[in-house]
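Reproduced below: upload_26.cif, with mmCIF, C-alpha atoms and all ligand atoms.
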```
data_final
loop_
_atom_site.label_atom_id
_atom_site.label_comp_id
_atom_site.auth_asym_id
_atom_site.auth_seq_id
_atom_site.Cartn_x
_atom_site.Cartn_y
_atom_site.Cartn_z
CA MET A 1 71.78 -9.02 -49.05
CA ASP A 2 69.71 -8.01 -46.08
CA GLU A 3 67.89 -10.72 -44.14
CA SER A 4 66.33 -8.12 -41.86
CA LYS A 5 64.07 -7.11 -44.75
CA VAL A 6 62.16 -10.41 -44.57
CA VAL A 7 58.57 -10.01 -43.36
CA VAL A 8 55.51 -12.19 -42.96
CA GLN A 9 52.73 -10.52 -44.93
CA SER A 10 49.06 -11.43 -44.57
CA LEU A 11 47.33 -12.05 -47.86
CA ASN A 12 44.10 -10.33 -48.78
CA LYS A 13 41.31 -12.09 -46.94
CA GLY A 14 39.04 -11.85 -49.98
CA TRP A 15 41.19 -14.50 -51.58
CA TYR A 16 40.63 -17.28 -49.04
CA ASP A 17 37.81 -16.13 -46.79
CA GLY A 18 35.71 -18.97 -45.43
CA LYS A 19 38.02 -21.63 -46.89
CA VAL A 20 40.90 -21.46 -44.39
CA ALA A 21 41.64 -19.39 -41.28
CA ALA A 22 44.64 -17.54 -42.70
CA ILE A 23 47.16 -17.44 -45.51
CA ASP A 24 50.35 -15.45 -45.08
CA MET A 25 53.46 -15.09 -47.18
CA LEU A 26 57.08 -15.15 -46.03
CA ARG A 27 58.70 -12.52 -48.24
CA LEU A 28 62.18 -13.91 -48.85
CA ASP A 29 62.09 -12.06 -52.17
CA LEU A 30 62.80 -8.83 -50.27
CA ILE A 31 66.33 -9.89 -49.24
CA ASP A 32 67.87 -8.60 -52.46
CA SER A 33 66.74 -7.92 -56.00
CA VAL A 34 69.20 -10.44 -57.45
CA VAL A 35 70.25 -12.86 -54.69
CA SER A 36 66.65 -13.20 -53.66
CA GLY A 37 64.71 -15.75 -51.71
CA ASN A 38 65.93 -19.22 -50.97
CA LYS A 39 69.04 -18.80 -53.14
CA TRP A 40 70.74 -16.61 -50.59
CA TYR A 41 70.29 -19.16 -47.79
CA LYS A 42 71.58 -22.00 -49.96
CA LEU A 43 74.59 -20.01 -51.14
CA LYS A 44 75.85 -18.41 -47.99
CA TYR A 45 77.02 -21.65 -46.35
CA ASN A 46 78.55 -22.76 -49.62
CA LEU A 47 80.52 -19.54 -50.00
CA GLN A 48 81.60 -19.58 -46.36
CA TYR A 49 82.70 -23.19 -46.73
CA ALA A 50 84.71 -22.36 -49.85
CA GLN A 51 86.35 -19.43 -48.09
CA HIS A 52 87.22 -21.41 -44.95
CA ASN A 53 88.72 -24.17 -47.03
CA GLY A 54 91.02 -21.91 -48.98
CA HIS A 55 89.26 -21.86 -52.35
CA SER A 56 89.54 -18.53 -54.13
CA THR A 57 87.15 -19.70 -56.86
CA ILE A 58 83.81 -21.47 -56.96
CA LEU A 59 82.27 -23.22 -59.93
CA THR A 60 78.59 -23.87 -60.46
CA PHE A 61 76.06 -24.81 -63.12
CA GLY A 62 72.88 -23.47 -64.64
CA GLY A 63 70.74 -22.95 -67.71
CA ALA A 64 70.76 -19.60 -69.51
CA TYR A 65 67.88 -18.27 -67.38
CA SER A 66 68.96 -19.78 -64.10
CA ASN A 67 68.14 -17.89 -60.89
CA HIS A 68 70.85 -19.95 -59.18
CA LEU A 69 73.52 -18.85 -61.64
CA ILE A 70 72.86 -15.13 -61.31
CA ALA A 71 72.43 -15.36 -57.54
CA THR A 72 75.76 -17.16 -57.30
CA ALA A 73 77.44 -14.52 -59.47
CA ALA A 74 76.17 -11.69 -57.26
CA ALA A 75 76.82 -13.44 -53.93
CA ALA A 76 80.33 -14.56 -54.91
CA ASN A 77 81.07 -11.01 -55.98
CA GLU A 78 79.98 -9.79 -52.54
CA PHE A 79 82.15 -12.42 -50.81
CA GLY A 80 85.13 -11.48 -53.00
CA ILE A 81 85.30 -14.99 -54.46
CA LYS A 82 85.81 -15.59 -58.16
CA ALA A 83 82.90 -17.42 -59.82
CA LEU A 84 82.80 -19.69 -62.83
CA GLY A 85 79.48 -20.53 -64.39
CA VAL A 86 79.12 -23.64 -66.52
CA VAL A 87 76.16 -22.88 -68.77
CA ARG A 88 74.01 -25.43 -70.57
CA GLY A 89 73.74 -24.94 -74.32
CA ASN A 90 76.18 -23.82 -76.94
CA ASP A 91 77.82 -20.48 -77.09
CA GLY A 92 77.19 -18.60 -80.28
CA GLY A 93 74.30 -16.25 -79.82
CA GLU A 94 74.19 -13.06 -77.80
CA LEU A 95 74.02 -13.28 -74.02
CA ASN A 96 70.50 -12.91 -72.61
CA GLU A 97 69.69 -10.57 -69.68
CA THR A 98 70.47 -13.19 -67.02
CA LEU A 99 73.85 -14.10 -68.50
CA LYS A 100 74.77 -10.47 -69.17
CA GLN A 101 74.21 -9.76 -65.50
CA CYS A 102 76.21 -12.82 -64.47
CA ALA A 103 79.10 -11.50 -66.54
CA ALA A 104 78.64 -8.00 -65.09
CA TYR A 105 79.13 -9.49 -61.60
CA GLY A 106 82.43 -10.88 -62.82
CA MET A 107 81.31 -14.46 -63.39
CA GLN A 108 83.35 -16.23 -66.04
CA LEU A 109 80.97 -18.14 -68.31
CA HIS A 110 81.89 -21.49 -69.77
CA PHE A 111 79.40 -22.91 -72.28
CA VAL A 112 79.01 -26.65 -72.68
CA SER A 113 76.80 -28.80 -74.90
CA ARG A 114 73.64 -30.34 -73.50
CA GLU A 115 75.35 -33.73 -73.62
CA ASP A 116 78.26 -32.51 -71.50
CA TYR A 117 75.95 -30.63 -69.19
CA ALA A 118 74.11 -33.87 -68.49
CA ARG A 119 77.34 -35.13 -66.89
CA ARG A 120 77.39 -32.36 -64.30
CA ASN A 121 77.16 -34.78 -61.37
CA ASP A 122 79.65 -37.24 -62.82
CA THR A 123 82.82 -37.22 -60.70
CA ALA A 124 85.28 -37.85 -63.51
CA TRP A 125 83.84 -35.08 -65.67
CA LEU A 126 83.79 -32.69 -62.74
CA ARG A 127 87.43 -33.46 -62.06
CA SER A 128 88.37 -32.65 -65.64
CA ILE A 129 86.43 -29.39 -65.58
CA ALA A 130 87.89 -28.43 -62.19
CA ALA A 131 91.42 -29.15 -63.44
CA GLN A 132 90.92 -26.62 -66.24
CA PHE A 133 90.14 -23.90 -63.73
CA GLY A 134 92.57 -24.44 -60.86
CA ASP A 135 90.61 -26.51 -58.33
CA PRO A 136 87.54 -24.39 -57.61
CA PHE A 137 85.01 -25.39 -54.95
CA ILE A 138 82.17 -26.99 -56.88
CA ILE A 139 78.61 -26.04 -55.95
CA PRO A 140 76.12 -28.40 -57.63
CA GLU A 141 73.29 -27.00 -59.75
CA GLY A 142 70.68 -25.39 -57.52
CA GLY A 143 73.05 -25.42 -54.53
CA ALA A 144 71.96 -29.01 -53.96
CA ASN A 145 74.48 -30.14 -51.36
CA GLU A 146 74.93 -30.38 -47.59
CA GLN A 147 75.74 -26.66 -47.25
CA GLY A 148 72.68 -25.76 -49.31
CA ARG A 149 70.39 -27.92 -47.18
CA LEU A 150 71.85 -26.48 -43.97
CA GLY A 151 71.24 -22.97 -45.25
CA ALA A 152 67.66 -23.84 -46.04
CA GLU A 153 67.18 -25.01 -42.44
CA GLU A 154 67.65 -21.38 -41.45
CA ILE A 155 64.47 -20.50 -43.32
CA ALA A 156 62.55 -22.89 -41.06
CA ARG A 157 63.84 -21.03 -38.02
CA ILE A 158 62.22 -17.78 -39.12
CA ILE A 159 58.83 -19.40 -39.67
CA PRO A 160 56.41 -18.69 -36.82
CA SER A 161 55.16 -21.87 -35.16
CA GLY A 162 51.39 -21.51 -35.44
CA TYR A 163 50.89 -22.55 -39.07
CA SER A 164 49.36 -25.92 -39.92
CA HIS A 165 50.86 -25.90 -43.44
CA VAL A 166 53.96 -24.43 -45.07
CA ALA A 167 54.02 -24.20 -48.88
CA VAL A 168 57.15 -23.89 -51.00
CA SER A 169 58.09 -24.38 -54.64
CA VAL A 170 60.54 -27.12 -55.49
CA GLY A 171 63.31 -27.14 -58.09
CA SER A 172 66.18 -29.34 -56.94
CA GLY A 173 64.36 -30.08 -53.67
CA THR A 174 67.19 -28.61 -51.57
CA THR A 175 65.06 -25.94 -49.92
CA PHE A 176 62.25 -28.42 -49.28
CA ILE A 177 64.64 -30.87 -47.57
CA GLY A 178 66.19 -28.20 -45.33
CA LEU A 179 62.77 -26.89 -44.37
CA HIS A 180 61.40 -30.33 -43.68
CA ASN A 181 64.31 -31.28 -41.46
CA ALA A 182 64.08 -28.15 -39.34
CA LEU A 183 60.33 -27.51 -39.10
CA PRO A 184 58.35 -28.95 -36.18
CA VAL A 185 56.68 -32.29 -36.99
CA SER A 186 53.29 -30.65 -36.48
CA GLN A 187 53.67 -28.50 -39.59
CA ASN A 188 52.77 -30.08 -42.92
CA LEU A 189 55.10 -29.18 -45.74
CA LEU A 190 53.59 -28.88 -49.22
CA GLY A 191 55.95 -28.78 -52.19
CA PHE A 192 55.00 -27.58 -55.68
CA ALA A 193 57.04 -28.78 -58.65
CA PRO A 194 56.94 -26.39 -61.65
CA MET A 195 58.08 -29.03 -64.16
CA LYS A 196 56.35 -31.95 -65.86
CA ASN A 197 56.51 -35.27 -64.00
CA GLY A 198 58.08 -33.56 -61.01
CA ARG A 199 57.15 -36.47 -58.78
CA TYR A 200 60.57 -37.98 -59.50
CA LEU A 201 61.79 -35.50 -56.90
CA GLU A 202 60.07 -37.51 -54.18
CA ASN A 203 62.91 -40.05 -54.30
CA GLU A 204 65.57 -37.37 -54.24
CA ILE A 205 63.87 -35.71 -51.29
CA ALA A 206 63.24 -38.93 -49.36
CA GLN A 207 66.97 -39.75 -49.39
CA HIS A 208 67.77 -36.74 -47.24
CA LEU A 209 64.83 -36.52 -44.88
CA ARG A 210 65.20 -36.86 -41.16
CA ALA A 211 63.94 -40.33 -40.45
CA ASP A 212 61.41 -39.61 -37.73
CA GLN A 213 58.87 -37.78 -39.86
CA ASP A 214 57.73 -39.07 -43.18
CA ASP A 215 54.00 -38.51 -43.21
CA ASN A 216 53.92 -34.74 -42.94
CA TRP A 217 54.97 -33.76 -46.43
CA GLN A 218 53.48 -33.90 -49.91
CA LEU A 219 54.70 -33.00 -53.37
CA PHE A 220 52.38 -31.79 -56.14
CA ASP A 221 53.27 -31.74 -59.82
CA ARG A 222 49.90 -31.03 -61.40
CA TRP A 223 50.47 -27.32 -61.92
CA HIS A 224 53.39 -27.30 -64.37
CA PHE A 225 51.67 -25.38 -67.23
CA GLY A 226 53.39 -27.48 -69.87
CA GLY A 227 56.81 -27.78 -68.26
CA PHE A 228 59.64 -25.93 -66.55
CA GLY A 229 59.68 -22.28 -67.67
CA LYS A 230 56.43 -22.71 -69.63
CA TRP A 231 53.43 -20.50 -69.00
CA ASN A 232 50.12 -19.46 -70.51
CA ASP A 233 47.74 -16.51 -70.38
CA ASP A 234 45.88 -17.94 -67.36
CA LEU A 235 49.09 -17.86 -65.37
CA LEU A 236 49.92 -14.29 -66.43
CA HIS A 237 46.41 -13.19 -65.64
CA PHE A 238 46.69 -14.81 -62.22
CA MET A 239 50.03 -13.07 -61.53
CA ASN A 240 48.53 -9.69 -62.39
CA SER A 241 45.40 -10.15 -60.31
CA PHE A 242 47.42 -11.57 -57.39
CA TYR A 243 49.57 -8.44 -57.53
CA GLU A 244 46.56 -6.17 -57.61
CA MET A 245 45.02 -7.97 -54.66
CA ASN A 246 48.11 -8.39 -52.47
CA ASP A 247 50.73 -5.98 -53.77
CA ILE A 248 53.13 -8.91 -54.12
CA PRO A 249 55.00 -9.62 -57.37
CA LEU A 250 55.30 -13.34 -58.19
CA ASP A 251 57.83 -14.89 -60.54
CA ILE A 252 56.75 -16.73 -63.68
CA VAL A 253 58.78 -19.91 -63.12
CA TYR A 254 58.15 -20.93 -59.51
CA THR A 255 56.03 -18.89 -57.11
CA SER A 256 53.22 -18.04 -59.55
CA LYS A 257 52.60 -21.74 -60.22
CA MET A 258 52.55 -22.49 -56.49
CA MET A 259 50.06 -19.72 -55.73
CA PHE A 260 47.91 -20.73 -58.71
CA ALA A 261 47.92 -24.28 -57.32
CA LEU A 262 46.90 -23.05 -53.88
CA ASP A 263 44.09 -21.07 -55.47
CA ASP A 264 42.81 -24.29 -57.06
CA MET A 265 43.29 -26.23 -53.83
CA LEU A 266 41.24 -23.66 -51.93
CA LYS A 267 38.44 -24.06 -54.47
CA GLU A 268 38.72 -27.85 -54.20
CA HIS A 269 38.54 -27.68 -50.37
CA PHE A 270 41.89 -29.37 -49.91
CA PHE A 271 42.33 -27.58 -46.58
CA ARG A 272 40.25 -27.77 -43.41
CA PRO A 273 38.56 -24.46 -42.60
CA ASP A 274 40.76 -24.02 -39.51
CA ALA A 275 44.01 -24.48 -41.46
CA SER A 276 46.55 -21.68 -41.55
CA VAL A 277 49.02 -21.64 -44.40
CA LEU A 278 52.38 -19.95 -44.73
CA CYS A 279 53.54 -19.63 -48.35
CA ILE A 280 57.21 -19.01 -48.94
CA HIS A 281 58.03 -16.39 -51.56
CA SER A 282 61.32 -17.85 -52.74
CA GLY A 283 62.17 -14.88 -54.98
CA GLY A 284 63.24 -15.42 -58.57
CA LEU A 285 61.82 -12.15 -59.87
CA GLN A 286 64.78 -11.60 -62.20
CA GLY A 287 63.30 -14.42 -64.30
CA ASN A 288 60.34 -12.20 -65.22
CA SER A 289 62.39 -10.10 -67.65
CA SER A 290 61.14 -12.12 -70.63
CA VAL A 291 57.49 -11.35 -69.79
CA ALA A 292 57.95 -7.89 -68.27
CA ALA A 293 55.74 -6.22 -70.89
CA LYS A 294 52.84 -8.50 -69.96
CA LEU A 295 52.94 -7.77 -66.24
CA VAL A 296 51.33 -4.86 -64.45
CA TYR A 297 54.30 -4.63 -62.07
CA ASN A 298 57.97 -4.05 -62.48
CA SER A 299 59.47 -7.38 -61.49
CA ARG A 300 62.73 -5.85 -60.32
CA ILE A 301 60.91 -4.21 -57.41
C1 LIG A 401 65.60 -22.03 -57.28
C2 LIG A 401 64.24 -21.66 -56.89
C3 LIG A 401 63.37 -22.57 -56.25
C4 LIG A 401 63.73 -24.01 -56.03
O1 LIG A 401 64.61 -24.24 -54.97
P1 LIG A 401 65.25 -25.66 -54.73
O2 LIG A 401 65.99 -25.51 -53.45
O3 LIG A 401 66.21 -25.92 -55.86
O4 LIG A 401 64.19 -26.69 -54.69
C5 LIG A 401 62.14 -22.12 -55.85
N1 LIG A 401 61.75 -20.85 -56.09
C6 LIG A 401 62.54 -19.95 -56.71
C7 LIG A 401 62.03 -18.59 -56.96
C8 LIG A 401 63.80 -20.32 -57.13
O5 LIG A 401 64.58 -19.43 -57.78
#
```

I need this file expressed as structure tokens, please.
Amino acid sequence: MDESKVVVQSLNKGWYDGKVAAIDMLRLDLIDSVVSGNKWYKLKYNLQYAQHNGHSTILTFGGAYSNHLIATAAAANEFGIKALGVVRGNDGGELNETLKQCAAYGMQLHFVSREDYARRNDTAWLRSIAAQFGDPFIIPEGGANEQGRLGAEEIARIIPSGYSHVAVSVGSGTTFIGLHNALPVSQNLLGFAPMKNGRYLENEIAQHLRADQDDNWQLFDRWHFGGFGKWNDDLLHFMNSFYEMNDIPLDIVYTSKMMFALDDMLKEHFFRPDASVLCIHSGGLQGNSSVAAKLVYNSRI
């Protein structure tokens, strides 16, 4: 994991010319090919916390394609901490690419039914799971805790101050909250939910926001393409042409939907012509393995 690899890259002017003053991208995807993007920032404080508090094991949660799960496996391996992954869905079939890699990083996988997985924030259930594995430090799904939000604040500190808007994709909302709480009030934060009815996240987000600024953020859930992890040919086509134009690979779950949304918003004149937008590339390229054959780029960089 190498934070010094992060750069701000200007996007091809042909994409936005005349509609806004500038659009740049913060390339957090360059940190690492596995622990990429926002995941690294959310995990590092969690792993440090676990270490300082004498836990030799951490336990976390994810679906079978989860960027968080694989990033946790790789980062815990680097920290020398044992990792347990509680995976949604029944064991039985073969491991997919994501889970195979988790296992290769030494993560012990524990499969639970969807019904049990739904209890992942229930204290009593967590206690019973933790007891089975010798009191690990529990990192919620998506790194959605205090340490995760603090880590995300670090991302705000590497964002240059001149931008009128900062755009980021939203899963658990953890990165959005950290960014919001550490960015100057003058910068508008735009969040893009890649799942259906993602507006429910507004409540989750509002609970953790610094109180003095509540009118400088917005969440959009229009560009979900049928739901979390769903895509269509328009999205693939957009990813390929975005790559050809900017030399930047996007991931199919999060960042492609955000950039597609921004493309629409440019056409709809959402922004003032003097706006300058910083888009955060939050990584997630490992998730492209299922569509690799349809992309003009190798998603593993
Ligand atoms: C996990 C993830 C997100 C969402 O981050 P949250 O902090 O959970 O909102 C966004 N983009 C990518 C690429 C991710 O892997």

Please write out the residues within 10 Å of ligand LIG 401 (chain A) as a PyMOL selection string, counting all atoms listed in the file.
-> chain A and resi 28-29+35-42+66-71+141-145+148-149+152+168-179+191-194+201+205+250-256+258+280-287

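Between Ser4 (chain A) and the residues A:His180, A:Asp24, A:Ile31, A:Ser289, the shortest atom-to-atom distance, using all atoms listed in the file, involves A:Ile31.
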
Two-atom distance - CA of Asp2 (chain A), CA of Ser56 (chain A) (Å) | 23.8 Å

Point-to-point distance in Å for CA of Leu30 (chain A) and CA of Ser161 (chain A) | 21.4 Å

Could you check how far CA of Asn288 (chain A) sits from CA of His237 (chain A), in Å to one decimal?
->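 Taking CA of Asn288 (chain A) and CA of His237 (chain A), their separation equals 14.0 Å.
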
Residue nearest Gln147 (chain A) among A:Ile58, A:Lys267, A:Gly226, A:Ala50 (counting only C-alpha atoms) |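 Smallest distance to Gln147 (chain A) is found for A:Ala50.
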
With only C-alpha atoms as the basis for distance, which of A:Trp217, A:Phe137, A:Phe228, A:Tyr297 is at the shortest distance from Ser164 (chain A)?
->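 Of A:Trp217, A:Phe137, A:Phe228, A:Tyr297, the one nearest Ser164 (chain A) is A:Trp217, counting only C-alpha atoms.
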
Hey, what's within 12 Å of region 122-135 of chain A if we count all atoms listed in the file and toss same-chain stuff fewer than 4 positions away? As JSON, numbers by chain, please?
-> {"A": [50, 53, 54, 55, 56, 57, 58, 59, 60, 61, 82, 83, 84, 85, 86, 108, 109, 110, 111, 112, 115, 116, 117, 118, 139, 140]}

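Restricting the calculation to all atoms listed in the file, the smallest distance between Gln187 (chain A) and any of A:Val34, A:Ile155, A:Leu235, A:Leu278 is found for A:Leu278.
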
Of the listed residues A:Ala76, A:Val185, A:Val296, A:Met195, that which approaches Glu244 (chain A) most closely, counting all atoms listed in the file |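 Looking only at the distances to Glu244 (chain A), the closest residue turns out to be A:Val296.
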
Can you build me a table of region 170-223 of chain A residues sitting at most 10 Å from region 261-266 of chain A, with the closest atom pair per residue and its distance in Å to one decimal, using only C-alpha atoms, sorted by chain and residue number, as JSON lines?
```
{"residue": "A:Phe192", "atom": "CA", "partner": "A:Ala261", "partner_atom": "CA", "distance": 8.0}
{"residue": "A:Phe220", "atom": "CA", "partner": "A:Ala261", "partner_atom": "CA", "distance": 8.8}
{"residue": "A:Asp221", "atom": "CA", "partner": "A:Ala261", "partner_atom": "CA", "distance": 9.5}
{"residue": "A:Arg222", "atom": "CA", "partner": "A:Ala261", "partner_atom": "CA", "distance": 8.1}
{"residue": "A:Trp223", "atom": "CA", "partner": "A:Ala261", "partner_atom": "CA", "distance": 6.1}
```

Pick from A:Val291, A:Ala206, A:Leu183, A:Val277 nearest to Lys230 (chain A), counting all atoms listed in the file = A:Val291

If we count only C-alpha atoms, what is near Phe238 (chain A) at a cut-off of 9 Å, once residues fewer than 5 positions away on the same chain are taken out, given as a PyMOL selection string?
-> chain A and resi 233+243+256+259-260

Would you mind exporting the chosen residues as a PDB file, in the frame of the given file, restricted to C-alpha atoms?
```
ATOM      1  CA  ASP A 233      47.740 -16.510 -70.380  1.00  0.00           C
ATOM      2  CA  TYR A 243      49.570  -8.440 -57.530  1.00  0.00           C
ATOM      3  CA  SER A 256      53.220 -18.040 -59.550  1.00  0.00           C
ATOM      4  CA  MET A 259      50.060 -19.720 -55.730  1.00  0.00           C
ATOM      5  CA  PHE A 260      47.910 -20.730 -58.710  1.00  0.00           C
TER       6      PHE A 260
END
```
